Amino acid sequence: MPDPSPRIALVTGANRGIGFETARQLASAGVRVLLAGRDRAAVTEAAEKLRADGLAADHLVLDVTDPASVRAAAAEVDRRHGRLDILVNNAGIRTEEYGKRPSEQPMRQWRETFDTNLFGVIEVTTAFLPLIRRSAAGRVVNVSSLLGSLTTHSDPLSYAHTPMFKSLPAYSASKSAVNSWTVHLAYELRGTPVKVNAVHPGYTKTGMNDGAGDLDVTDGARTSVAMALLADDGPTGTYTHGGETIPW
């Protein structure tokens, strides 16, 4: 008999922006969503907002840069649910200042960026992977960026080929590394029900972009949600936005 219980999803960085909207859309699709973040008050409030709309949502304290916090969160999900069907690695930061040359960005910002955007993704994924393997159809969605595309960065006609976006070398490189991690993990999990994909949300109006962008968060969350709800015959090891493949 098929398992009648709803799918369980965990979204990191879910108290605001694209993460919160991703959680809202997943919950609206009938998924029970765990909104994860390091600020207990913020994720509790975010989960309460969804529950007030009649959606199945809980909060989970998780700091992606703290191994002990990650292990504790994985143990809590195991205790509550015994499995995880969907992991959306959404948490990310941009610490660099627009307008500086790539060589002018300090090493402190490189390390901070990679701690969250890459090492945090790997830490969370490996900690929760045993629970994802228990799912009948596990899904891992890594939120990348078009700025992670070396092809795009090298194209003189692209928006990334400008002083503004060339001033974000650490952010861009961290997302390129996330893409590489996606490909490696998808290879490891080939032949299993687990699918691993990277997504570009689009240039979305969020605090990370200082309010700039072309899309609102509703549209910015759509690609993550689509890949989280991917059918059994869907792809793995891809890098997409809105159903379109992005060149590595």
# chains A, B, ... in the order shown; residues from 1 in each chain; ligands from 1
>>> residues_around(residues="range 93-104 of chain A", least_positions_apart="4", cutoff="10 Å", atoms="only C-alpha atoms", output="JSON, numbers by chain")
{"A": [13, 108, 109, 110, 112, 113, 114, 115, 116, 117, 163, 164, 165, 166, 167, 168, 169, 170, 171, 172, 207, 208, 209]}
>>> select_by_dssp(residues="range 9-246 of chain A", states="strand (DSSP E)", output="ChimeraX atom specification")
/A:9-12,32-37,57-61,86-89,139-143,195-199,239-241,244-245
>>> select_by_dssp(residues="range 95-246 of chain A", states="helix (DSSP H, G or I)", output="count of residues only")
75
>>> closest_atom_pairs(of="range 3-38 of chain A", to="range 131-151 of chain A", cutoff="12 Å", atoms="only C-alpha atoms", output="Markdown table")
| residue | atom | partner | partner_atom | distance |
| --- | --- | --- | --- | --- |
| A:Asp3 | CA | A:Ala136 | CA | 8.9 |
| A:Pro4 | CA | A:Ala136 | CA | 12.0 |
| A:Ser5 | CA | A:Ser135 | CA | 11.6 |
| A:Pro6 | CA | A:Ser135 | CA | 11.4 |
| A:Arg7 | CA | A:Ser135 | CA | 8.8 |
| A:Ile8 | CA | A:Ser135 | CA | 9.3 |
| A:Ala9 | CA | A:Arg139 | CA | 9.0 |
| A:Leu10 | CA | A:Val140 | CA | 9.8 |
| A:Val11 | CA | A:Val141 | CA | 9.4 |
| A:Thr12 | CA | A:Val143 | CA | 10.2 |
| A:Gly13 | CA | A:Val143 | CA | 10.9 |
| A:Ile18 | CA | A:Val143 | CA | 10.0 |
| A:Gly19 | CA | A:Val143 | CA | 9.8 |
| A:Thr22 | CA | A:Val143 | CA | 11.1 |
>>> write_last_selection(atoms="C-alpha atoms", output="PDB file, in the first residue's frame")
ATOM      1  CA  ASP A   3       2.242   5.669   2.243  1.00  0.00           C
ATOM      2  CA  PRO A   4      -0.775   7.959   2.854  1.00  0.00           C
ATOM      3  CA  SER A   5       1.197  10.469   4.920  1.00  0.00           C
ATOM      4  CA  PRO A   6       2.118  13.788   3.310  1.00  0.00           C
ATOM      5  CA  ARG A   7       5.592  14.424   2.005  1.00  0.00           C
ATOM      6  CA  ILE A   8       7.981  16.121   4.421  1.00  0.00           C
ATOM      7  CA  ALA A   9      10.096  19.012   3.142  1.00  0.00           C
ATOM      8  CA  LEU A  10      12.825  21.027   4.812  1.00  0.00           C
ATOM      9  CA  VAL A  11      13.694  24.478   3.478  1.00  0.00           C
ATOM     10  CA  THR A  12      16.767  26.246   4.843  1.00  0.00           C
ATOM     11  CA  GLY A  13      16.783  30.019   5.166  1.00  0.00           C
ATOM     12  CA  ILE A  18      12.538  33.142  -1.551  1.00  0.00           C
ATOM     13  CA  GLY A  19      12.894  30.557   1.216  1.00  0.00           C
ATOM     14  CA  THR A  22       9.212  28.250  -1.382  1.00  0.00           C
TER      15      THR A  22
END
>>> residues_around(residues="Arg38 in chain A", least_positions_apart="3", cutoff="10 Å", atoms="only C-alpha atoms", output="list in words")
Thr12, Gly13, Ala14, Asn15, Ala41, Ala42, Val43, Leu60, Val61, Leu62, Asp63, Val64, Thr65, Asp66 and Ser69 of chain A
>>> write_last_selection(atoms="C-alpha atoms", output="mmCIF file, in the first residue's frame")
data_model
loop_
_atom_site.group_PDB
_atom_site.id
_atom_site.type_symbol
_atom_site.label_atom_id
_atom_site.label_comp_id
_atom_site.auth_asym_id
_atom_site.auth_seq_id
_atom_site.Cartn_x
_atom_site.Cartn_y
_atom_site.Cartn_z
ATOM 1 C CA THR A 12 16.767 26.246 4.843
ATOM 2 C CA GLY A 13 16.783 30.019 5.166
ATOM 3 C CA ALA A 14 12.996 29.846 5.206
ATOM 4 C CA ASN A 15 12.022 32.722 7.485
ATOM 5 C CA ALA A 41 11.995 33.589 16.863
ATOM 6 C CA ALA A 42 12.108 34.329 13.124
ATOM 7 C CA VAL A 43 11.429 30.763 11.941
ATOM 8 C CA LEU A 60 13.238 23.975 12.917
ATOM 9 C CA VAL A 61 16.270 25.726 14.391
ATOM 10 C CA LEU A 62 19.221 25.064 12.079
ATOM 11 C CA ASP A 63 22.395 27.084 11.551
ATOM 12 C CA VAL A 64 24.007 25.737 8.393
ATOM 13 C CA THR A 65 27.444 26.983 9.522
ATOM 14 C CA ASP A 66 27.292 25.122 12.868
ATOM 15 C CA SER A 69 23.226 22.609 15.049
#
>>> atom_distance(atom1="CA of Arg222 in chain A", atom2="CA of Trp248 in chain A")
20.7 Å
>>> atom_distance(atom1="CA of Ser174 in chain A", atom2="CA of Thr240 in chain A")
17.0 Å
>>> decode(residues="range 236-248 of chain A", atoms="N, CA and C atoms", output="mmCIF file, in the first residue's frame")
data_model
loop_
_atom_site.group_PDB
_atom_site.id
_atom_site.type_symbol
_atom_site.label_atom_id
_atom_site.label_comp_id
_atom_site.auth_asym_id
_atom_site.auth_seq_id
_atom_site.Cartn_x
_atom_site.Cartn_y
_atom_site.Cartn_z
ATOM 1 N N THR A 236 17.933 14.331 -13.121
ATOM 2 C CA THR A 236 18.810 14.552 -11.984
ATOM 3 C C THR A 236 20.144 15.081 -12.497
ATOM 4 N N GLY A 237 20.836 15.837 -11.654
ATOM 5 C CA GLY A 237 22.117 16.388 -12.051
ATOM 6 C C GLY A 237 22.014 17.543 -13.023
ATOM 7 N N THR A 238 20.931 18.326 -12.934
ATOM 8 C CA THR A 238 20.715 19.418 -13.887
ATOM 9 C C THR A 238 20.861 20.773 -13.208
ATOM 10 N N TYR A 239 20.881 21.808 -14.051
ATOM 11 C CA TYR A 239 21.030 23.208 -13.619
ATOM 12 C C TYR A 239 20.047 23.994 -14.476
ATOM 13 N N THR A 240 18.935 24.433 -13.863
ATOM 14 C CA THR A 240 17.837 24.967 -14.661
ATOM 15 C C THR A 240 17.221 26.210 -14.038
ATOM 16 N N HIS A 241 16.434 26.885 -14.867
ATOM 17 C CA HIS A 241 15.551 27.963 -14.409
ATOM 18 C C HIS A 241 14.298 27.909 -15.273
ATOM 19 N N GLY A 242 13.140 27.806 -14.615
ATOM 20 C CA GLY A 242 11.875 27.804 -15.343
ATOM 21 C C GLY A 242 11.791 26.737 -16.414
ATOM 22 N N GLY A 243 12.380 25.592 -16.167
ATOM 23 C CA GLY A 243 12.335 24.481 -17.120
ATOM 24 C C GLY A 243 13.376 24.552 -18.206
ATOM 25 N N GLU A 244 14.171 25.623 -18.220
ATOM 26 C CA GLU A 244 15.217 25.781 -19.242
ATOM 27 C C GLU A 244 16.591 25.458 -18.654
ATOM 28 N N THR A 245 17.393 24.728 -19.420
ATOM 29 C CA THR A 245 18.727 24.363 -18.948
ATOM 30 C C THR A 245 19.667 25.566 -19.027
ATOM 31 N N ILE A 246 20.463 25.745 -17.986
ATOM 32 C CA ILE A 246 21.464 26.804 -17.927
ATOM 33 C C ILE A 246 22.822 26.187 -18.233
ATOM 34 N N PRO A 247 23.640 26.810 -19.058
ATOM 35 C CA PRO A 247 24.968 26.254 -19.325
ATOM 36 C C PRO A 247 25.862 26.362 -18.085
ATOM 37 N N TRP A 248 26.629 25.318 -17.851
ATOM 38 C CA TRP A 248 27.518 25.330 -16.692
ATOM 39 C C TRP A 248 28.549 26.445 -16.808
#
